[in-house]
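These notes are about the structure you will find just below.
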Amino acid sequence: MTGAQWALLGILAIAAFGIRVLGLVAGRRIRSSPHAWVLAELPGLIVVSLVAASLAGQPVGTWVAAGAALGAAVLTNHVIATMIVGVLAFAVIGP
């Protein structure tokens, strides 16, 4: 390997390590800030944003099936039941 390749490898290794250290430092600061609740809610927020983005531009039947799945989620608080209700509603209503 040439010197330039070794230099690139070293720079990439330092950058990868720096990203991890920066994540640790930022995580500690966020946990001690008034915005710490965001970390606890982040997984749910990501799921909601993915679902909302996938529903954008879909036909009304898809929205109704998503509403049925939401209703099942609220009533049962059970992931499998929610998926079954959503899929069945989509199969019955159609796109």
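Convention: chains lettered A, B, ... in structure tokens order; per-chain residue numbering from 1; ligands numbered from 1 as shown.
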If you take only C-alpha atoms and a cut-off of 7 Å, which residues of range 9-70 of chain A touch range 75-86 of chain A, and what are their nearest atom pairs and distances in Å to one decimal, in chain and number order, as CSV?
```
residue,atom,partner,partner_atom,distance
A:Ala65,CA,A:Gly86,CA,5.4
A:Ala66,CA,A:Gly86,CA,6.1
A:Ala68,CA,A:Gly86,CA,6.0
A:Ala69,CA,A:Gly86,CA,4.4
```
Write out as JSON lines a residue-level contact list of range 2-29 of chain A versus range 33-54 of chain A with cut-off 12 Å: for each qualifying residue the closest pair of atoms and the distance in Å to one decimal, counting only C-alpha atoms, rows sorted by chain and residue number upward.
```
{"residue": "A:Ala26", "atom": "CA", "partner": "A:Ser33", "partner_atom": "CA", "distance": 10.5}
{"residue": "A:Gly27", "atom": "CA", "partner": "A:Leu39", "partner_atom": "CA", "distance": 8.9}
{"residue": "A:Arg28", "atom": "CA", "partner": "A:Ser33", "partner_atom": "CA", "distance": 8.8}
{"residue": "A:Arg29", "atom": "CA", "partner": "A:Ser33", "partner_atom": "CA", "distance": 6.3}
```
Using backbone DSSP assignments, extract all alpha helix (DSSP H) residues from chain A; output them as a short mmCIF file (atom, residue, chain, number, x, y, z; two decimals) with N, CA and C atoms, in the first residue's frame.
```
data_model
loop_
_atom_site.label_atom_id
_atom_site.label_comp_id
_atom_site.auth_asym_id
_atom_site.auth_seq_id
_atom_site.Cartn_x
_atom_site.Cartn_y
_atom_site.Cartn_z
N GLY A 3 1.68 5.37 0.67
CA GLY A 3 1.54 6.28 1.81
C GLY A 3 0.21 7.00 1.82
N ALA A 4 -0.29 7.35 0.63
CA ALA A 4 -1.58 8.04 0.54
C ALA A 4 -2.70 7.12 1.02
N GLN A 5 -2.61 5.84 0.69
CA GLN A 5 -3.64 4.90 1.12
C GLN A 5 -3.61 4.72 2.64
N TRP A 6 -2.41 4.64 3.20
CA TRP A 6 -2.30 4.54 4.66
C TRP A 6 -2.84 5.80 5.34
N ALA A 7 -2.56 6.94 4.75
CA ALA A 7 -3.05 8.19 5.32
C ALA A 7 -4.58 8.23 5.28
N LEU A 8 -5.15 7.80 4.16
CA LEU A 8 -6.61 7.75 4.05
C LEU A 8 -7.20 6.80 5.09
N LEU A 9 -6.58 5.65 5.26
CA LEU A 9 -7.04 4.69 6.26
C LEU A 9 -6.98 5.28 7.66
N GLY A 10 -5.90 5.97 7.96
CA GLY A 10 -5.77 6.60 9.26
C GLY A 10 -6.80 7.69 9.50
N ILE A 11 -7.04 8.50 8.47
CA ILE A 11 -8.04 9.56 8.59
C ILE A 11 -9.43 8.97 8.81
N LEU A 12 -9.76 7.93 8.07
CA LEU A 12 -11.07 7.29 8.23
C LEU A 12 -11.22 6.65 9.61
N ALA A 13 -10.15 6.05 10.13
CA ALA A 13 -10.20 5.46 11.46
C ALA A 13 -10.41 6.53 12.53
N ILE A 14 -9.70 7.63 12.39
CA ILE A 14 -9.86 8.74 13.34
C ILE A 14 -11.27 9.32 13.25
N ALA A 15 -11.79 9.46 12.04
CA ALA A 15 -13.15 9.98 11.86
C ALA A 15 -14.18 9.04 12.48
N ALA A 16 -14.03 7.74 12.28
CA ALA A 16 -14.98 6.77 12.86
C ALA A 16 -14.94 6.83 14.38
N PHE A 17 -13.75 6.90 14.94
CA PHE A 17 -13.61 7.00 16.39
C PHE A 17 -14.20 8.32 16.89
N GLY A 18 -13.94 9.40 16.16
CA GLY A 18 -14.45 10.71 16.56
C GLY A 18 -15.97 10.76 16.56
N ILE A 19 -16.59 10.11 15.59
CA ILE A 19 -18.05 10.08 15.54
C ILE A 19 -18.61 9.38 16.78
N ARG A 20 -17.99 8.30 17.18
CA ARG A 20 -18.46 7.57 18.36
C ARG A 20 -18.27 8.38 19.63
N VAL A 21 -17.14 9.03 19.77
CA VAL A 21 -16.89 9.87 20.94
C VAL A 21 -17.88 11.04 20.97
N LEU A 22 -18.10 11.65 19.82
CA LEU A 22 -19.05 12.76 19.75
C LEU A 22 -20.45 12.30 20.15
N GLY A 23 -20.85 11.09 19.73
CA GLY A 23 -22.14 10.54 20.12
C GLY A 23 -22.25 10.35 21.62
N LEU A 24 -21.19 9.85 22.24
CA LEU A 24 -21.21 9.67 23.69
C LEU A 24 -21.31 11.01 24.42
N VAL A 25 -20.53 11.98 23.98
CA VAL A 25 -20.56 13.29 24.62
C VAL A 25 -21.92 13.95 24.45
N ALA A 26 -22.45 13.90 23.23
CA ALA A 26 -23.76 14.51 22.97
C ALA A 26 -24.85 13.80 23.77
N GLY A 27 -24.77 12.47 23.84
CA GLY A 27 -25.76 11.71 24.61
C GLY A 27 -25.77 12.09 26.08
N ARG A 28 -24.59 12.26 26.66
CA ARG A 28 -24.52 12.66 28.07
C ARG A 28 -25.10 14.05 28.29
N ARG A 29 -24.81 14.95 27.37
CA ARG A 29 -25.34 16.32 27.52
C ARG A 29 -26.85 16.35 27.35
N ILE A 30 -27.36 15.57 26.41
CA ILE A 30 -28.81 15.56 26.20
C ILE A 30 -29.52 14.94 27.39
N ARG A 31 -28.96 13.87 27.96
CA ARG A 31 -29.59 13.23 29.12
C ARG A 31 -29.69 14.17 30.31
N TRP A 37 -36.40 14.06 27.49
CA TRP A 37 -37.59 13.28 27.16
C TRP A 37 -37.60 12.86 25.69
N VAL A 38 -36.89 13.59 24.85
CA VAL A 38 -36.86 13.25 23.43
C VAL A 38 -36.23 11.88 23.21
N LEU A 39 -35.19 11.56 23.98
CA LEU A 39 -34.54 10.25 23.83
C LEU A 39 -35.50 9.13 24.18
N ALA A 40 -36.33 9.31 25.19
CA ALA A 40 -37.27 8.27 25.59
C ALA A 40 -38.36 8.09 24.54
N GLU A 41 -38.75 9.17 23.87
CA GLU A 41 -39.83 9.12 22.90
C GLU A 41 -39.35 8.88 21.47
N LEU A 42 -38.04 8.88 21.25
CA LEU A 42 -37.51 8.81 19.90
C LEU A 42 -37.93 7.56 19.12
N PRO A 43 -37.90 6.36 19.68
CA PRO A 43 -38.32 5.19 18.88
C PRO A 43 -39.75 5.31 18.37
N GLY A 44 -40.67 5.74 19.21
CA GLY A 44 -42.05 5.91 18.77
C GLY A 44 -42.20 6.99 17.73
N LEU A 45 -41.45 8.08 17.89
CA LEU A 45 -41.50 9.17 16.92
C LEU A 45 -41.00 8.72 15.55
N ILE A 46 -39.97 7.88 15.55
CA ILE A 46 -39.43 7.37 14.28
C ILE A 46 -40.45 6.48 13.59
N VAL A 47 -41.11 5.61 14.35
CA VAL A 47 -42.12 4.72 13.75
C VAL A 47 -43.27 5.54 13.19
N VAL A 48 -43.75 6.52 13.94
CA VAL A 48 -44.86 7.35 13.46
C VAL A 48 -44.46 8.10 12.20
N SER A 49 -43.26 8.62 12.14
CA SER A 49 -42.84 9.35 10.94
C SER A 49 -42.72 8.42 9.74
N LEU A 50 -42.26 7.18 9.95
CA LEU A 50 -42.18 6.23 8.85
C LEU A 50 -43.56 5.85 8.33
N VAL A 51 -44.50 5.63 9.25
CA VAL A 51 -45.87 5.29 8.84
C VAL A 51 -46.51 6.46 8.11
N ALA A 52 -46.35 7.67 8.64
CA ALA A 52 -46.94 8.85 8.00
C ALA A 52 -46.36 9.06 6.61
N ALA A 53 -45.07 8.87 6.46
CA ALA A 53 -44.45 9.04 5.14
C ALA A 53 -44.93 7.98 4.16
N SER A 54 -45.16 6.76 4.64
CA SER A 54 -45.63 5.70 3.74
C SER A 54 -47.10 5.88 3.37
N LEU A 55 -47.88 6.55 4.20
CA LEU A 55 -49.29 6.79 3.90
C LEU A 55 -49.51 7.97 2.96
N VAL A 60 -57.66 6.15 -0.41
CA VAL A 60 -58.48 6.24 0.80
C VAL A 60 -58.57 4.89 1.51
N GLY A 61 -58.64 3.79 0.76
CA GLY A 61 -58.72 2.46 1.38
C GLY A 61 -57.54 2.16 2.28
N THR A 62 -56.39 2.59 1.88
CA THR A 62 -55.19 2.39 2.70
C THR A 62 -55.29 3.19 3.99
N TRP A 63 -55.80 4.41 3.89
CA TRP A 63 -55.97 5.25 5.08
C TRP A 63 -57.00 4.64 6.03
N VAL A 64 -58.07 4.08 5.49
CA VAL A 64 -59.09 3.46 6.34
C VAL A 64 -58.51 2.23 7.04
N ALA A 65 -57.72 1.43 6.31
CA ALA A 65 -57.08 0.26 6.92
C ALA A 65 -56.10 0.70 8.01
N ALA A 66 -55.38 1.79 7.77
CA ALA A 66 -54.46 2.31 8.79
C ALA A 66 -55.23 2.80 10.01
N GLY A 67 -56.38 3.41 9.78
CA GLY A 67 -57.23 3.84 10.90
C GLY A 67 -57.75 2.66 11.69
N ALA A 68 -58.12 1.57 11.00
CA ALA A 68 -58.57 0.37 11.70
C ALA A 68 -57.42 -0.21 12.53
N ALA A 69 -56.22 -0.22 11.97
CA ALA A 69 -55.06 -0.71 12.72
C ALA A 69 -54.78 0.17 13.93
N LEU A 70 -54.92 1.47 13.77
CA LEU A 70 -54.73 2.39 14.90
C LEU A 70 -55.76 2.12 15.99
N GLY A 71 -57.01 1.91 15.58
CA GLY A 71 -58.05 1.60 16.55
C GLY A 71 -57.75 0.31 17.30
N ALA A 72 -57.28 -0.70 16.58
CA ALA A 72 -56.90 -1.96 17.23
C ALA A 72 -55.74 -1.76 18.19
N ALA A 73 -54.79 -0.92 17.81
CA ALA A 73 -53.64 -0.66 18.68
C ALA A 73 -54.08 0.03 19.97
N VAL A 74 -55.00 0.98 19.85
CA VAL A 74 -55.48 1.70 21.03
C VAL A 74 -56.27 0.77 21.95
N LEU A 75 -57.12 -0.07 21.35
CA LEU A 75 -57.98 -0.94 22.15
C LEU A 75 -57.23 -2.12 22.77
N THR A 76 -56.31 -2.73 22.00
CA THR A 76 -55.68 -3.96 22.48
C THR A 76 -54.28 -3.77 23.03
N VAL A 79 -49.30 -5.83 19.41
CA VAL A 79 -48.73 -5.62 18.08
C VAL A 79 -49.32 -6.60 17.06
N ILE A 80 -49.40 -7.88 17.43
CA ILE A 80 -49.89 -8.88 16.48
C ILE A 80 -51.35 -8.61 16.13
N ALA A 81 -52.17 -8.31 17.12
CA ALA A 81 -53.58 -8.00 16.85
C ALA A 81 -53.70 -6.78 15.95
N THR A 82 -52.87 -5.79 16.16
CA THR A 82 -52.89 -4.59 15.34
C THR A 82 -52.54 -4.93 13.89
N MET A 83 -51.52 -5.76 13.69
CA MET A 83 -51.15 -6.14 12.34
C MET A 83 -52.25 -6.95 11.66
N ILE A 84 -52.85 -7.86 12.39
CA ILE A 84 -53.92 -8.69 11.81
C ILE A 84 -55.10 -7.81 11.40
N VAL A 85 -55.52 -6.92 12.27
CA VAL A 85 -56.65 -6.04 11.95
C VAL A 85 -56.31 -5.16 10.75
N GLY A 86 -55.12 -4.62 10.70
CA GLY A 86 -54.73 -3.77 9.57
C GLY A 86 -54.71 -4.52 8.26
N VAL A 87 -54.14 -5.72 8.26
CA VAL A 87 -54.07 -6.51 7.03
C VAL A 87 -55.47 -6.96 6.60
N LEU A 88 -56.28 -7.40 7.55
CA LEU A 88 -57.65 -7.81 7.19
C LEU A 88 -58.47 -6.64 6.66
N ALA A 89 -58.34 -5.49 7.29
CA ALA A 89 -59.05 -4.31 6.81
C ALA A 89 -58.60 -3.93 5.41
N PHE A 90 -57.33 -4.02 5.15
CA PHE A 90 -56.81 -3.70 3.82
C PHE A 90 -57.30 -4.72 2.80
N ALA A 91 -57.35 -6.01 3.20
CA ALA A 91 -57.83 -7.05 2.28
C ALA A 91 -59.30 -6.88 1.95
N VAL A 92 -60.10 -6.46 2.94
CA VAL A 92 -61.54 -6.29 2.72
C VAL A 92 -61.82 -5.03 1.93
N ILE A 93 -61.18 -3.94 2.30
CA ILE A 93 -61.45 -2.64 1.67
C ILE A 93 -60.75 -2.55 0.32
#
```
